[in-house]
There are 2 protein chains.
Amino acid sequence: MELYRGNIIHTPERGRFEALEHGYLAVENGVIRGTYKELPTAYSGYPVTDYGEKLIIPGFHDMHVHAPQWCNAGMGFSMELLPWLNAYAFPAEAHFADPKFAEEEYRRFVNELIRQGTTSAVIFGSRHKEATRILIELLRKSGIRACVGKVNMDRNSIPELQETTGDSLRETEELVQWMQETRPGTDDRVQYMLTPRYVPCTTSELMEGLGRLAQEYDLPVQSHLDENLSEVAWVRELHPERKSFADVYDYYGLLRPGKTVMAHCIHMTEEEVALLQKKRITVAHCAMSNADLASGIMPLRKYLEKGLDVAIASDMGGSHSVNMREHIVDTIKCSKLYWFYHKEAAPVTFAESFSMATLTGENFFGKTGCFREGYAFDVLIINDESIQTGIEHDPLERLERFVYLGDSSCIEKRFVAGRECNPV
Amino acid sequence: MELYRGNIIHTPERGRFEALEHGYLAVENGVIRGTYKELPTAYSGYPVTDYGEKLIIPGFHDMHVHAPQWCNAGMGFSMELLPWLNAYAFPAEAHFADPKFAEEEYRRFVNELIRQGTTSAVIFGSRHKEATRILIELLRKSGIRACVGKVNMDRNSIPELQETTGDSLRETEELVQWMQETRPGTDDRVQYMLTPRYVPCTTSELMEGLGRLAQEYDLPVQSHLDENLSEVAWVRELHPERKSFADVYDYYGLLRPGKTVMAHCIHMTEEEVALLQKKRITVAHCAMSNADLASGIMPLRKYLEKGLDVAIASDMGGSHSVNMREHIVDTIKCSKLYWFYHKEAAPVTFAESFSMATLTGENFFGKTGCFREGYAFDVLIINDESIQTGIEHDPLERLERFVYLGDSSCIEKRFVAGRECNPV
């Protein structure tokens with residue numbers, strides 16, 4: 001049994017903070033046994049790691065991020081999605097054909113996630129099998145939780161990234177099998193996720209094949225949906241036989257109940273909203289990217305009211321940061337600007353936004369993101385001395401201030417399942 | 001004559017970058033004499049400070065920021081402007097009655113400006129004369145350029161901040177005279193700026209008195225205009241005798257041609273736009289604050305097309321950051337989201353946004369913000385090694401990346417008028 005003391009803050013459920021000033025956290029084998037205002041006498045024999053005035057909070061979850069785009073993030077945002085993909089994202093990803101380049105870049109990427117306090121991430125690789133294998137090895141070494149896959153894309157990209165349908169499916173299956181063969185015991189934090197890029201880049205044959213792999217290996221799936229109006233129109237042209245963008249994925253078995261993440265989802269029809277809700281699809285909300293690429297503002301409040309499962313994501317390099325605190329803030333800011341134009345949609349609160357970037361459900365990373373009994377000890381220790389002033393604030397105000405204006409140097413330690421994560 | 005070599009980037013005019021890879025900058029007595037691709041033979045005898053691959057860019061200008069609000073920034077943004085002022089901003093400012101508190105907080109504030117690369121700022125103090133005197137002394141010591149004033153507010157605040165009309169005017173004049181008496185020679189970078197809080201906090205008598213002081217001492221003026229719809233409605237109630245919010249200021253002589261900064265200006269009528277244009281008022285655009293406090297999105301493109309002088313501002317603590325790079329980015333992002341709802345208003349470019357945060361006209365800080373001959377050597381040296389990757393980028397792409405995702409540790413040196421600025 002390990003005991004930790006400090007200012008403990010988490011959201012045991014969406015939108016509700018629980019704060020324990022100078023409280024205790026009991027952990028056994030990396031799993032939380034309880035939080036306490038006073039230490040129970042049963043625990044009095046164990047040593048306590050005392051973090052004093054520091055904050056103990058859950059690590060951040062990033063539900064959609066592109067690992068090979070750290071090298072082009074923050075450039076070319078004068079374009080919208082489709083031209084930007086061809087001018088910036090695809091050429092950057094083409095470099096990952098070179099395993100040496102991939103290793104260096106992916107090391108930078110994984111270390112940047114760790115530096116910013118991300119402890120769980122849903123990750124797109126490039127289309128290259130070897131580079132993705134390297135990414136998976138780095139993620140395993142890092143100790144963070146991840147769902148990750150090589151991207152599948154057999155149409156409408158640049159020549160250097162084009163793959164055949166057959167190669168795409170074969171290499172995907174080889175990676176899945178390699179992960180099974182090399183599984184690191186019971187504490188397995190990285191799992192394969194099928195990663196069709198998005199409908200315009202995947203032929204029907206490829207989507208059918210991926211749907212088959214999903215079934216056969218019981219794999220989770222990630223892709224993009226209804227991000228940009230030109231993209232939506234293009235999908236309609238490519239698949240006039242299907243009812244909607246979402247329906248294309250569904251038809252090929254890629255909306256797996258409780259096992260699929262769809263990024264963006266800005267421009268969904270009512271039917272698509274109903275379909276995602278029925279299938280228990282997780283919507284990855286990318287507020288910063290949706291502004292950077294001028295895609296629009298997602299009707300977040302409406303989705304929450306309809307019961308959709310929404311989680312916050314960086315979508316770096318469609319946005320310019322993997323820092324989830326900035327995405328928590330941009331989620332709030334964009335919901336306010338949306339409210340300004342749609343007065344029926346109340347802005348989201350800090351508690352709602354924080355919980356959507358920490359407590360993202362058990363389907364992808366297991367029990368993590370809050371401090372209820374049975375959840376993993378996936379934790380950040382926050383030392384906010386550098387942003388403290390002459391006015392005293394309570395722990396919840398200090399958390400808000402850290403999220404809004406702190407920087408990564410305030411994150412003193414990162415734990416996943418009770419083990420400290422360090423740069424790889 | 002001093003010579004500097006490096007990758008020189010600036011906007012000689014709004015919206016147009018000029019980049020000199022491995023170029024030279026000649027400086028005499030803190031003033032730029034020219035930029036050169038090759039060093040002119042006339043200069044060959046002088047030593048060169050060689051910054052190698054580093055970027056040499058203008059320092060940032062912040063055209064509206066509240067010095068006493070660093071201690072409450074990033075908290076309470078679930079509220080809109082009017083309740084937020086009473087719950088957060090005013091109580092924080094009340095602490096500045098204590099000079100010791102003020103000195104510590106203002107030191108933090110000034111150092112944060114310097115750390116983030118701000119070399120010129122238009123600053124609100126609290127209503128306290130002594131605290132504002134301390135702020136002015138710290139600013140003078142820091143070496144950055146500033147227009148600053150104690151705030152005037154004789155109605156509608158909290159009891160601790162209330163001042164009488166007479167005290168407000170007397171203390172203001174005393175500060176103006178003290179600044180004249182203690183002027184530090186010819187290199188005087190800090191000037192007094194009249195600072196009526198905003199119409200709801202200033203009686204007609206106070207505004208009349210301030211108008212008189214403005215005339216008598218030929219002082220610049222700063223205030224808030226058309227930020228929040230409830231505020232606009234309140235001003236209409238308070239001053240039914242005047243045509244508009246802007247007309248109140250104008251009536252009392254506070255829209256001084258070419259000498260006034262008005263912050264926010266989101267909800268202006270066509271008449272107000274015409275008035276500000278006619279009077280050559282500088283609009284301080286506070287995109288982040290306007291999102292944080294759910295005030296709306298300013299129609300930036302429209303104002304630019306109408307020829308208004310618009311500059312970017314942090315409005316910290318109405319926003320959560322004094323980092324002007326974030327405000328350059330938020331200006332672009334908000335213009336894209338605005339475009340999404342108003343397709344006639346093209347988003348602003350990176351070059352436009354960068355120039356609105358550097359090249360803000362001669363009226364307030366003199367000739368600074370670009371590298372044309374006769375402009376001050378107000379410069380940041382950027383070392384972006386920590387954000388470089390395996391793909392090479394040209395200096396302009398590197399600048400964009402630094403602005404979007406760099407941090408203050410990339411700023412290696414800050415010069416104002418050729419002299420290095422350091423924390424106070």
# chains A, B, ... in the order shown; residues from 1 in each chain; ligands from 1
$ residues_around --residues "Leu219 (chain B)" --least-positions-apart "6" --cutoff "10 Å" --atoms "only C-alpha atoms" --output "CSV table (one decimal) with N, CA and C atoms, in the first residue's frame"
chain,number,residue,atom,x,y,z
B,176,VAL,N,1.0,63.1,-12.9
B,176,VAL,CA,1.5,63.7,-14.1
B,176,VAL,C,2.6,64.6,-13.8
B,191,GLN,N,5.4,57.1,-20.5
B,191,GLN,CA,4.6,58.4,-20.4
B,191,GLN,C,3.3,58.2,-19.7
B,192,TYR,N,2.8,59.2,-19.1
B,192,TYR,CA,1.5,59.1,-18.5
B,192,TYR,C,0.3,59.1,-19.5
B,193,MET,N,-0.7,58.3,-19.2
B,193,MET,CA,-1.8,58.1,-20.1
B,193,MET,C,-3.1,58.2,-19.2
B,194,LEU,N,-4.0,59.2,-19.5
B,194,LEU,CA,-5.2,59.3,-18.8
B,194,LEU,C,-6.0,58.0,-18.9
B,210,LEU,N,-11.2,65.1,-16.6
B,210,LEU,CA,-10.1,64.4,-17.3
B,210,LEU,C,-9.9,65.0,-18.7
B,211,GLY,N,-11.0,65.4,-19.4
B,211,GLY,CA,-10.9,66.1,-20.7
B,211,GLY,C,-10.1,67.3,-20.6
B,213,LEU,N,-7.7,68.0,-18.2
B,213,LEU,CA,-6.3,67.6,-18.0
B,213,LEU,C,-5.7,67.1,-19.3
B,254,LEU,N,-12.4,63.1,-24.7
B,254,LEU,CA,-11.5,62.0,-24.4
B,254,LEU,C,-11.2,61.1,-25.7
B,256,ARG,N,-9.1,61.8,-28.3
B,256,ARG,CA,-8.2,62.8,-28.8
B,256,ARG,C,-7.6,62.3,-30.1
B,259,LYS,N,-4.5,60.1,-30.4
B,259,LYS,CA,-3.9,60.0,-29.1
B,259,LYS,C,-4.7,59.1,-28.1
B,260,THR,N,-5.7,58.4,-28.6
B,260,THR,CA,-6.5,57.6,-27.7
B,260,THR,C,-6.6,56.2,-28.2
$ interface_residues --of "chain B" --to "chain A" --cutoff "7 Å" --atoms "only C-alpha atoms" --output "list in words"
Cys71, Gly74, Met75, Ser78, Phe101, Glu105, Ala291, Asp292, Ala294, Gly296, His320, Ser321, Lys333, Lys336, Leu337, Phe340, Thr349, Thr389, Gly390, Ile391, Glu397, Glu400, Arg401, Tyr404 and Leu405 of chain B
$ residues_around --residues "region 127-142 of chain A" --least-positions-apart "6" --cutoff "6 Å" --atoms "only C-alpha atoms" --output "PDB file with N, CA and C atoms, in the first residue's frame"
ATOM      1  N   PRO A  99      13.072   5.123 -41.429  1.00  0.00           N
ATOM      2  CA  PRO A  99      12.946   4.737 -40.012  1.00  0.00           C
ATOM      3  C   PRO A  99      13.814   5.581 -39.083  1.00  0.00           C
ATOM      4  N   ALA A 102      11.996   8.720 -38.560  1.00  0.00           N
ATOM      5  CA  ALA A 102      10.817   8.418 -37.739  1.00  0.00           C
ATOM      6  C   ALA A 102      11.194   8.288 -36.266  1.00  0.00           C
ATOM      7  N   TYR A 106       9.532  10.719 -33.638  1.00  0.00           N
ATOM      8  CA  TYR A 106       8.590  10.115 -32.699  1.00  0.00           C
ATOM      9  C   TYR A 106       9.083  10.247 -31.255  1.00  0.00           C
ATOM     10  N   LYS A 150      -1.078   2.427 -37.605  1.00  0.00           N
ATOM     11  CA  LYS A 150      -0.598   2.992 -38.865  1.00  0.00           C
ATOM     12  C   LYS A 150      -1.822   3.471 -39.611  1.00  0.00           C
ATOM     13  N   VAL A 151      -1.713   4.586 -40.316  1.00  0.00           N
ATOM     14  CA  VAL A 151      -2.868   5.083 -41.042  1.00  0.00           C
ATOM     15  C   VAL A 151      -3.051   4.268 -42.324  1.00  0.00           C
ATOM     16  N   ASN A 152      -4.301   4.048 -42.724  1.00  0.00           N
ATOM     17  CA  ASN A 152      -4.613   3.366 -43.993  1.00  0.00           C
ATOM     18  C   ASN A 152      -5.125   4.388 -44.985  1.00  0.00           C
ATOM     19  N   VAL A 424      11.673   9.466 -23.121  1.00  0.00           N
ATOM     20  CA  VAL A 424      12.277   8.246 -23.686  1.00  0.00           C
ATOM     21  C   VAL A 424      13.548   8.616 -24.454  1.00  0.00           C
TER      22      VAL A 424
END
$ select_by_dssp --residues "region 195-267 of chain A" --states "alpha helix (DSSP H)" --output "PyMOL selection string"
chain A and resi 204-217+229-238+245-251
$ residues_around --residues "Ala345 (chain B)" --least-positions-apart "3" --cutoff "7 Å" --atoms "only C-alpha atoms" --output "ChimeraX atom specification"
/B:301-302,339,342
$ atom_distance --atom1 "CA of Pro196 (chain A)" --atom2 "CA of Lys367 (chain A)"
26.3 Å
$ atom_distance --atom1 "CA of Ser244 (chain B)" --atom2 "CA of Tyr88 (chain B)"
27.9 Å
$ residues_around --residues "Val273 (chain B)" --least-positions-apart "6" --cutoff "12 Å" --atoms "only C-alpha atoms" --output "ChimeraX atom specification"
/B:225-226,244-247,262,265-267,279-283,299-300,302-310
$ residues_around --residues "Ile312 (chain A)" --least-positions-apart "3" --cutoff "12 Å" --atoms "only C-alpha atoms" --output "MDAnalysis selection string"
chainID A and resid 60:65 118 120:122 261:264 282:289 298 300 309 315 322:332 352:360
$ residues_around --residues "Asn29 (chain A)" --least-positions-apart "4" --cutoff "10 Å" --atoms "only C-alpha atoms" --output "PyMOL selection string"
chain A and resi 1-2+33+376-377+417-419
